[in-house]
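S.K.: One structure is given below, represented as structure tokens, and several questions about it will come after.
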Amino acid sequence: MSGGRRSARAGSRAPLQHQKGKSMTTFSANNWIDGTFVSSSKRGRSIDPATYETIGDYPDDGGAAAHSAIEAAKRAYRGTAWRDDAELRARVLDQMASAIERNRERLIDILSLENGKLLGEAALEIDGSPSKLRYWAAMARTEAGRATSPKPGSLSVILRQPMGVAGIIVPWNSPVILSVRSFAPALAAGCTVVVKMPGQTAQVASVLAEVLAEAKDLPEGVVNMFVESGADGAALLVESPDVPTISFTGSTQTGRTIGAIGAKRMKRFGLELGGKTPMIVFDDADIETMLPVLEKALTIFAGQFCMTGSRLLVQNSVYELVRHGLAERLRAVKVGPATDPASDMGPLIDKQNVDRVDNVVKDALAKGAVAVVRGGPVTEGPLAKGAFFRPSMLEVSDNSLPVVQQETFGPVITIQRFSDEREAVALANDNDYGLSASIWTRDLDRSLRVARALEAGSVFVNDWAKVYDGTEEGGFKQSGLGRLNGVAAIEDFIEYKHIALKPGLLR
């Protein structure tokens, strides 16, 4: 059984080639399939969103790559000890965690370069990944079925078995930790995996694959990773009869589409979809402590986060104070590249998204919203070359506006008034999304009353976006199906089997 380290060296090309250009070093990414790093004649272009300079290229033939990866994962599932050896699975997951820690700086550097994250934000993503792998290493060691005796002389054994090949479809906003969050429980369950990474973060994917390949006991074909700019490979994962379960993180619209297609084959789906996080501020909130958190809830990852705090609901008596205080902070946010230590917020992923987010703001203003902080695209100076967008804050009174109801996925926040708990909950719940919410109050009873009434999978009291490896994460309503993190995450990757025996009674 060949380990990932040996097969990585055996590849026809190193997973990350350094090519000296006239002005900068560029990188050539590859796919990782069946333990080997492979290229394609069709290549896409990788950019630095802060400068729009080309930083490398990547294989962009997703359909062919997905087909090869599925075949490799099938062979590994049927032909190795992976699905039956829980100790092997635990050992490999631990080895992957250690590999990420050894390569921490390299992963942070490429993530901040290609994804645009500030160095501290990139470190947050990378540093959060090893603990997830170790959590699932522990879960692999404790995973078990049960046995019962339903009648005298009868024995029923309940097995929890892996489903087979798991398809993992990853978004570009946090590609390392969101891929780990999905493939780690799949591997712990005994599945083999095919991971589809987006072209916008192809270089990150290539480096991550090389790092994971350092797991010396990983059988070839158990983990396969490919990148694409389009959706051919992802579509093949969803349509293939050889991939019985899909874990997808992305937009609600795309989640609905793949769910409808996969339903034809009765596929299992774990879907973490869009969010429109309401942050509810009551009149007894600690305003001074709260305001910096609200600012970061909007600007971290440049607002490109499923839990971005994009709806601010404020009780009447403190409304003006909060409105003024947050507006002042948002005006002072310094947008800039990760290379500038003074930057408070990095770029969006690309200029298409800058235009999209700005059109959301323009539409809201045309429909009655008032710009407290207009923000918008950076159009002058050195930053104009990149995909920079200054944060926006819009005052609204109509809860039906698209800017209130639809996910923006950018640094745009709305602010509106409420009078009491009942109105706050009604406004917060008047939305198709239900991923997360935040409550700000010093009244413990009030926090629990409101938290129970909110239609959201995660509720944070006097804080925001506190997610842990051992606590379930997922959404109500149109924010998804199933849960990631916590013990429930493995349910997306296992089948239950009942074996009935009749050994009889001792005579």
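Simple scheme: letters A, B, ... for chains in structure tokens order, numbers from 1 for residues in each chain, numbers from 1 for ligands in the order shown.
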Each residue of stretch 49-138 of chain A lying at most 12 Å from stretch 237-241 of chain A should get a row with its shortest atom-to-atom pair and the distance in Å to one decimal, counting only C-alpha atoms; could you produce that, ordered by chain and increasing number, as a tab-separated table?

M.R.:
residue	atom	partner	partner_atom	distance
A:Gly62	CA	A:Leu237	CA	10.5
A:Gly63	CA	A:Leu237	CA	9.3
A:Ala64	CA	A:Leu237	CA	11.5
A:Ala65	CA	A:Leu237	CA	10.8
A:Ala66	CA	A:Leu237	CA	7.1
A:His67	CA	A:Leu237	CA	8.4
A:Ser68	CA	A:Leu237	CA	11.3
A:Ala69	CA	A:Leu237	CA	9.7
A:Ile70	CA	A:Leu237	CA	7.9
A:Glu71	CA	A:Ser240	CA	10.8
A:Ala73	CA	A:Leu237	CA	11.8
A:Lys74	CA	A:Pro241	CA	11.3

S.K.: Just want the 6 Å neighbourhood of stretch 248-252 of chain A, counted on only C-alpha atoms, with same-chain residues fewer than 5 positions away dropped. Output as a list in words.

M.R.: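 That gives Ile169, Val170, Pro171, Leu271, Glu272, Leu273 and Gly274 of chain A.
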
S.K.: Taking only C-alpha atoms into account, which of A:Ser131, A:Thr308, A:Ser397, A:Ser174 comes nearest A:Met279?

M.R.: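 Closest to A:Met279, using only C-alpha atoms: A:Thr308.
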
S.K.: Tell me which of A:Thr254, A:Pro59, A:Gln203, A:Gly164 sits closest to A:Thr26, counting only C-alpha atoms.

M.R.: A:Gln203

S.K.: Counting only C-alpha atoms, which of A:Gly79, A:Pro411, A:Glu472, A:Ser129 gets nearest to A:Val487?

M.R.: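 Closest to A:Val487, using only C-alpha atoms: A:Glu472.
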
S.K.: For each of A:Thr441, A:Gln253, A:Gln161, A:Thr36, take the minimum atom-to-atom distance to A:Tyr496, counting only C-alpha atoms, then give the residue where this is smallest.

M.R.: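 That would be A:Gln161, the residue with the smallest distance to A:Tyr496.
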
S.K.: Using only C-alpha atoms, find the one residue out of A:Gly275, A:Gly190, A:Gly376, A:Gly381 that sits nearest to A:Leu88.

M.R.: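 Going through A:Gly275, A:Gly190, A:Gly376, A:Gly381 one by one, the smallest distance to A:Leu88 is for A:Gly190.
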
S.K.: Could you tell me how far atom CA of A:Ala338 lies from atom CA of A:Phe389, in Å and to one decimal?

M.R.: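 If I compute the distance from atom CA of A:Ala338 to atom CA of A:Phe389, I get 14.4 Å.
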
S.K.: Of the residues A:Gln352, A:Gln200, A:Asn431, A:Ser447, which is the one nearest to A:Ile47, using only C-alpha atoms?

M.R.: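 Going through A:Gln352, A:Gln200, A:Asn431, A:Ser447 one by one, the smallest distance to A:Ile47 is for A:Gln200.
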
S.K.: So which bits of stretch 342-389 of chain A end up strand (DSSP E or B) when you DSSP the backbone, as a PDB file with N, CA, C and O atoms, in the first residue's frame?

M.R.:
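result-v5.pdb, freshly written:
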ATOM      1  N   MET A 345      -8.979  45.654   6.055  1.00  0.00           N
ATOM      2  CA  MET A 345      -9.827  44.781   5.242  1.00  0.00           C
ATOM      3  C   MET A 345      -9.185  44.609   3.878  1.00  0.00           C
ATOM      4  O   MET A 345      -8.726  45.573   3.273  1.00  0.00           O
ATOM      5  N   VAL A 370     -31.140  54.528   2.746  1.00  0.00           N
ATOM      6  CA  VAL A 370     -30.372  55.765   2.904  1.00  0.00           C
ATOM      7  C   VAL A 370     -28.934  55.397   3.248  1.00  0.00           C
ATOM      8  O   VAL A 370     -28.693  54.582   4.144  1.00  0.00           O
ATOM      9  N   ALA A 371     -27.985  56.000   2.536  1.00  0.00           N
ATOM     10  CA  ALA A 371     -26.572  55.697   2.776  1.00  0.00           C
ATOM     11  C   ALA A 371     -26.081  56.435   4.012  1.00  0.00           C
ATOM     12  O   ALA A 371     -25.936  57.654   3.995  1.00  0.00           O
ATOM     13  N   VAL A 372     -25.833  55.684   5.082  1.00  0.00           N
ATOM     14  CA  VAL A 372     -25.162  56.250   6.251  1.00  0.00           C
ATOM     15  C   VAL A 372     -23.667  56.307   5.957  1.00  0.00           C
ATOM     16  O   VAL A 372     -22.992  57.309   6.230  1.00  0.00           O
ATOM     17  N   VAL A 373     -23.139  55.232   5.393  1.00  0.00           N
ATOM     18  CA  VAL A 373     -21.765  55.185   4.879  1.00  0.00           C
ATOM     19  C   VAL A 373     -21.865  54.575   3.481  1.00  0.00           C
ATOM     20  O   VAL A 373     -22.220  53.409   3.351  1.00  0.00           O
ATOM     21  N   GLY A 376     -18.057  51.654  -1.225  1.00  0.00           N
ATOM     22  CA  GLY A 376     -18.074  51.359  -2.653  1.00  0.00           C
ATOM     23  C   GLY A 376     -16.706  51.041  -3.217  1.00  0.00           C
ATOM     24  O   GLY A 376     -15.699  50.977  -2.496  1.00  0.00           O
ATOM     25  N   PRO A 377     -16.622  50.844  -4.528  1.00  0.00           N
ATOM     26  CA  PRO A 377     -15.362  50.464  -5.178  1.00  0.00           C
ATOM     27  C   PRO A 377     -14.298  51.549  -5.025  1.00  0.00           C
ATOM     28  O   PRO A 377     -14.606  52.748  -5.052  1.00  0.00           O
ATOM     29  N   PHE A 389     -13.240  47.242  -2.151  1.00  0.00           N
ATOM     30  CA  PHE A 389     -14.569  47.818  -1.934  1.00  0.00           C
ATOM     31  C   PHE A 389     -14.646  48.311  -0.492  1.00  0.00           C
ATOM     32  O   PHE A 389     -14.471  47.518   0.444  1.00  0.00           O
TER      33      PHE A 389
END

S.K.: Please identify all polymer residues within 8 Å of A:Val195, counting only C-alpha atoms, omitting same-chain residues fewer than 2 positions from it, and present them as JSON, numbers by chain.

M.R.: {"A": [167, 168, 169, 170, 179, 183, 193, 197, 223, 224, 225, 226]}

S.K.: Those residues with C-alpha atoms, as a PDB file, in the first residue's frame please?

M.R.:
ATOM      1  CA  GLY A 167     -18.055  14.374  -3.356  1.00  0.00           C
ATOM      2  CA  ILE A 168     -16.866  17.549  -1.632  1.00  0.00           C
ATOM      3  CA  ILE A 169     -17.610  20.857  -3.388  1.00  0.00           C
ATOM      4  CA  VAL A 170     -15.727  23.769  -1.811  1.00  0.00           C
ATOM      5  CA  SER A 179     -12.614  21.676   2.607  1.00  0.00           C
ATOM      6  CA  PHE A 183     -13.650  15.852   4.024  1.00  0.00           C
ATOM      7  CA  VAL A 193     -13.266  11.571  -1.277  1.00  0.00           C
ATOM      8  CA  MET A 197     -11.832  23.276  -5.482  1.00  0.00           C
ATOM      9  CA  VAL A 223      -8.159  11.721  -1.230  1.00  0.00           C
ATOM     10  CA  ASN A 224      -8.378  13.294  -4.678  1.00  0.00           C
ATOM     11  CA  MET A 225      -8.466  17.033  -5.357  1.00  0.00           C
ATOM     12  CA  PHE A 226      -9.055  18.931  -8.585  1.00  0.00           C
TER      13      PHE A 226
END

S.K.: Looking only at helix (DSSP H, G or I) from DSSP on the backbone, list the matching residues of stretch 216-461 of chain A as JSON, numbers by chain.

M.R.: {"A": [232, 233, 234, 235, 236, 237, 238, 239, 252, 253, 254, 255, 256, 257, 258, 259, 260, 261, 262, 263, 264, 265, 287, 288, 289, 290, 291, 292, 293, 294, 295, 296, 297, 298, 299, 300, 301, 302, 303, 316, 317, 318, 319, 320, 321, 322, 323, 324, 325, 326, 327, 328, 329, 330, 331, 351, 352, 353, 354, 355, 356, 357, 358, 359, 360, 361, 362, 363, 364, 365, 366, 382, 383, 384, 385, 402, 403, 404, 405, 421, 422, 423, 424, 425, 426, 427, 428, 429, 444, 445, 446, 447, 448, 449, 450, 451, 452, 453]}

S.K.: Contacts of stretch 313-321 of chain A at 8 Å or less, counting only C-alpha atoms, minus same-chain residues fewer than 2 places along, as a list in words?

M.R.: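 In the requested format, the answer is Pro278, Met279, Ile280, Val281, Phe282, Asp283, Arg311, Arg323, His324, Gly325, Ile415, Gln416, Arg417, Phe418, Ser419, Asp420, Ala424 and Ala428 of chain A.
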
S.K.: Could you pull the residues within 12 Å of A:Ala263, counting only C-alpha atoms, minus those fewer than 4 positions along the same chain, as a list in words?

M.R.: Val238, Glu239, Ser240, Pro241, Pro244, Thr245, Ile246, Gly255, Arg256, Thr257, Ile258, Gly259, Lys267, Arg268 and Phe269 of chain A

S.K.: Would you compute the distance between atom CA of A:Leu294 and atom CA of A:Asp48? Give it in Å to one decimal.

M.R.: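 Taking atom CA of A:Leu294 and atom CA of A:Asp48, their separation equals 27.9 Å.
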
S.K.: Could you check how far atom CA of A:Phe388 sits from atom CA of A:Leu348, in Å to one decimal?

M.R.: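 Atom-to-atom, atom CA of A:Phe388 and atom CA of A:Leu348 are spaced 6.0 Å apart.
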
S.K.: Could you list, as a list in words, every residue within 7 Å of A:Gly270, counting only C-alpha atoms and ignoring same-chain residues fewer than 6 positions away?

M.R.: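 The neighbour list is Ile246, Ser247, Phe248, Leu481, Gly482, Arg483 and Asp492 of chain A.
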
S.K.: Filtering to all heavy atoms, could you give me those residues as a PDB file, in the first residue's frame?

M.R.:
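Listed below is the output, result_14.pdb:
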ATOM      1  N   ILE A 246     -22.915  13.925  -1.233  1.00  0.00           N
ATOM      2  CA  ILE A 246     -22.303  15.202  -1.610  1.00  0.00           C
ATOM      3  C   ILE A 246     -22.322  16.138  -0.409  1.00  0.00           C
ATOM      4  O   ILE A 246     -23.364  16.327   0.236  1.00  0.00           O
ATOM      5  CB  ILE A 246     -23.071  15.882  -2.767  1.00  0.00           C
ATOM      6  CG1 ILE A 246     -23.062  15.019  -4.027  1.00  0.00           C
ATOM      7  CG2 ILE A 246     -22.514  17.275  -3.048  1.00  0.00           C
ATOM      8  CD1 ILE A 246     -21.743  14.948  -4.753  1.00  0.00           C
ATOM      9  N   SER A 247     -21.177  16.741  -0.127  1.00  0.00           N
ATOM     10  CA  SER A 247     -21.102  17.815   0.863  1.00  0.00           C
ATOM     11  C   SER A 247     -20.768  19.097   0.116  1.00  0.00           C
ATOM     12  O   SER A 247     -19.703  19.218  -0.491  1.00  0.00           O
ATOM     13  CB  SER A 247     -20.034  17.515   1.916  1.00  0.00           C
ATOM     14  OG  SER A 247     -19.958  18.557   2.866  1.00  0.00           O
ATOM     15  N   PHE A 248     -21.692  20.053   0.163  1.00  0.00           N
ATOM     16  CA  PHE A 248     -21.558  21.287  -0.617  1.00  0.00           C
ATOM     17  C   PHE A 248     -21.661  22.487   0.304  1.00  0.00           C
ATOM     18  O   PHE A 248     -22.566  22.576   1.144  1.00  0.00           O
ATOM     19  CB  PHE A 248     -22.658  21.360  -1.674  1.00  0.00           C
ATOM     20  CG  PHE A 248     -22.775  22.694  -2.356  1.00  0.00           C
ATOM     21  CD1 PHE A 248     -21.910  23.055  -3.374  1.00  0.00           C
ATOM     22  CD2 PHE A 248     -23.756  23.608  -1.969  1.00  0.00           C
ATOM     23  CE1 PHE A 248     -22.015  24.293  -3.999  1.00  0.00           C
ATOM     24  CE2 PHE A 248     -23.868  24.849  -2.587  1.00  0.00           C
ATOM     25  CZ  PHE A 248     -22.993  25.195  -3.604  1.00  0.00           C
ATOM     26  N   LEU A 481     -29.063  21.927   4.693  1.00  0.00           N
ATOM     27  CA  LEU A 481     -29.483  20.630   5.197  1.00  0.00           C
ATOM     28  C   LEU A 481     -28.323  19.997   5.938  1.00  0.00           C
ATOM     29  O   LEU A 481     -27.171  20.107   5.514  1.00  0.00           O
ATOM     30  CB  LEU A 481     -29.878  19.692   4.040  1.00  0.00           C
ATOM     31  CG  LEU A 481     -31.068  20.072   3.172  1.00  0.00           C
ATOM     32  CD1 LEU A 481     -31.147  19.118   1.984  1.00  0.00           C
ATOM     33  CD2 LEU A 481     -32.354  20.015   3.981  1.00  0.00           C
ATOM     34  N   GLY A 482     -28.618  19.301   7.026  1.00  0.00           N
ATOM     35  CA  GLY A 482     -27.566  18.617   7.763  1.00  0.00           C
ATOM     36  C   GLY A 482     -26.725  19.575   8.580  1.00  0.00           C
ATOM     37  O   GLY A 482     -27.000  20.781   8.656  1.00  0.00           O
ATOM     38  N   ARG A 483     -25.684  19.029   9.194  1.00  0.00           N
ATOM     39  CA  ARG A 483     -24.807  19.822  10.036  1.00  0.00           C
ATOM     40  C   ARG A 483     -23.351  19.467   9.767  1.00  0.00           C
ATOM     41  O   ARG A 483     -23.020  18.314   9.470  1.00  0.00           O
ATOM     42  CB  ARG A 483     -25.107  19.584  11.531  1.00  0.00           C
ATOM     43  CG  ARG A 483     -26.455  20.150  11.982  1.00  0.00           C
ATOM     44  CD  ARG A 483     -26.472  21.662  11.885  1.00  0.00           C
ATOM     45  NE  ARG A 483     -27.713  22.272  12.349  1.00  0.00           N
ATOM     46  CZ  ARG A 483     -28.734  22.585  11.567  1.00  0.00           C
ATOM     47  NH1 ARG A 483     -28.702  22.290  10.273  1.00  0.00           N
ATOM     48  NH2 ARG A 483     -29.807  23.175  12.055  1.00  0.00           N
ATOM     49  N   ASP A 492     -23.820  12.491   7.401  1.00  0.00           N
ATOM     50  CA  ASP A 492     -23.912  12.678   5.954  1.00  0.00           C
ATOM     51  C   ASP A 492     -23.143  11.619   5.175  1.00  0.00           C
ATOM     52  O   ASP A 492     -23.276  11.540   3.950  1.00  0.00           O
ATOM     53  CB  ASP A 492     -23.368  14.055   5.561  1.00  0.00           C
ATOM     54  CG  ASP A 492     -24.300  15.181   5.967  1.00  0.00           C
ATOM     55  OD1 ASP A 492     -25.495  14.914   6.152  1.00  0.00           O
ATOM     56  OD2 ASP A 492     -23.819  16.324   6.097  1.00  0.00           O
TER      57      ASP A 492
END

S.K.: Within 10 Å of A:Gly120, counting only C-alpha atoms, which residues show up once you throw out same-chain ones fewer than 4 positions away? Write them as a list in words, please.

M.R.: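 Everything that qualifies: Ile108, Ser112, Leu124, Glu125, Ile126, Ala338 and Pro341 of chain A.
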
S.K.: Mind writing the picked residues with N, CA and C atoms as a compact mmCIF listing (two decimals), in the first residue's frame?

M.R.:
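What follows is the written file out09.txt:
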# COMPACT_ATOMS: atom_id res chain seq x y z
N ILE A 108 -0.39 30.02 4.80
CA ILE A 108 -0.84 31.39 5.07
C ILE A 108 -0.43 32.31 3.92
N SER A 112 -3.23 34.20 1.57
CA SER A 112 -3.36 35.66 1.57
C SER A 112 -3.08 36.24 0.18
N LEU A 124 -5.91 32.70 10.85
CA LEU A 124 -7.10 32.18 11.54
C LEU A 124 -7.64 30.94 10.82
N GLU A 125 -7.69 31.00 9.50
CA GLU A 125 -8.20 29.86 8.73
C GLU A 125 -7.27 28.65 8.82
N ILE A 126 -5.99 28.88 8.63
CA ILE A 126 -5.04 27.76 8.65
C ILE A 126 -4.94 27.15 10.04
N ALA A 338 -2.96 42.45 1.75
CA ALA A 338 -2.43 41.72 2.91
C ALA A 338 -0.98 42.09 3.19
N PRO A 341 0.71 45.97 6.56
CA PRO A 341 0.30 45.67 7.94
C PRO A 341 -0.78 46.61 8.46
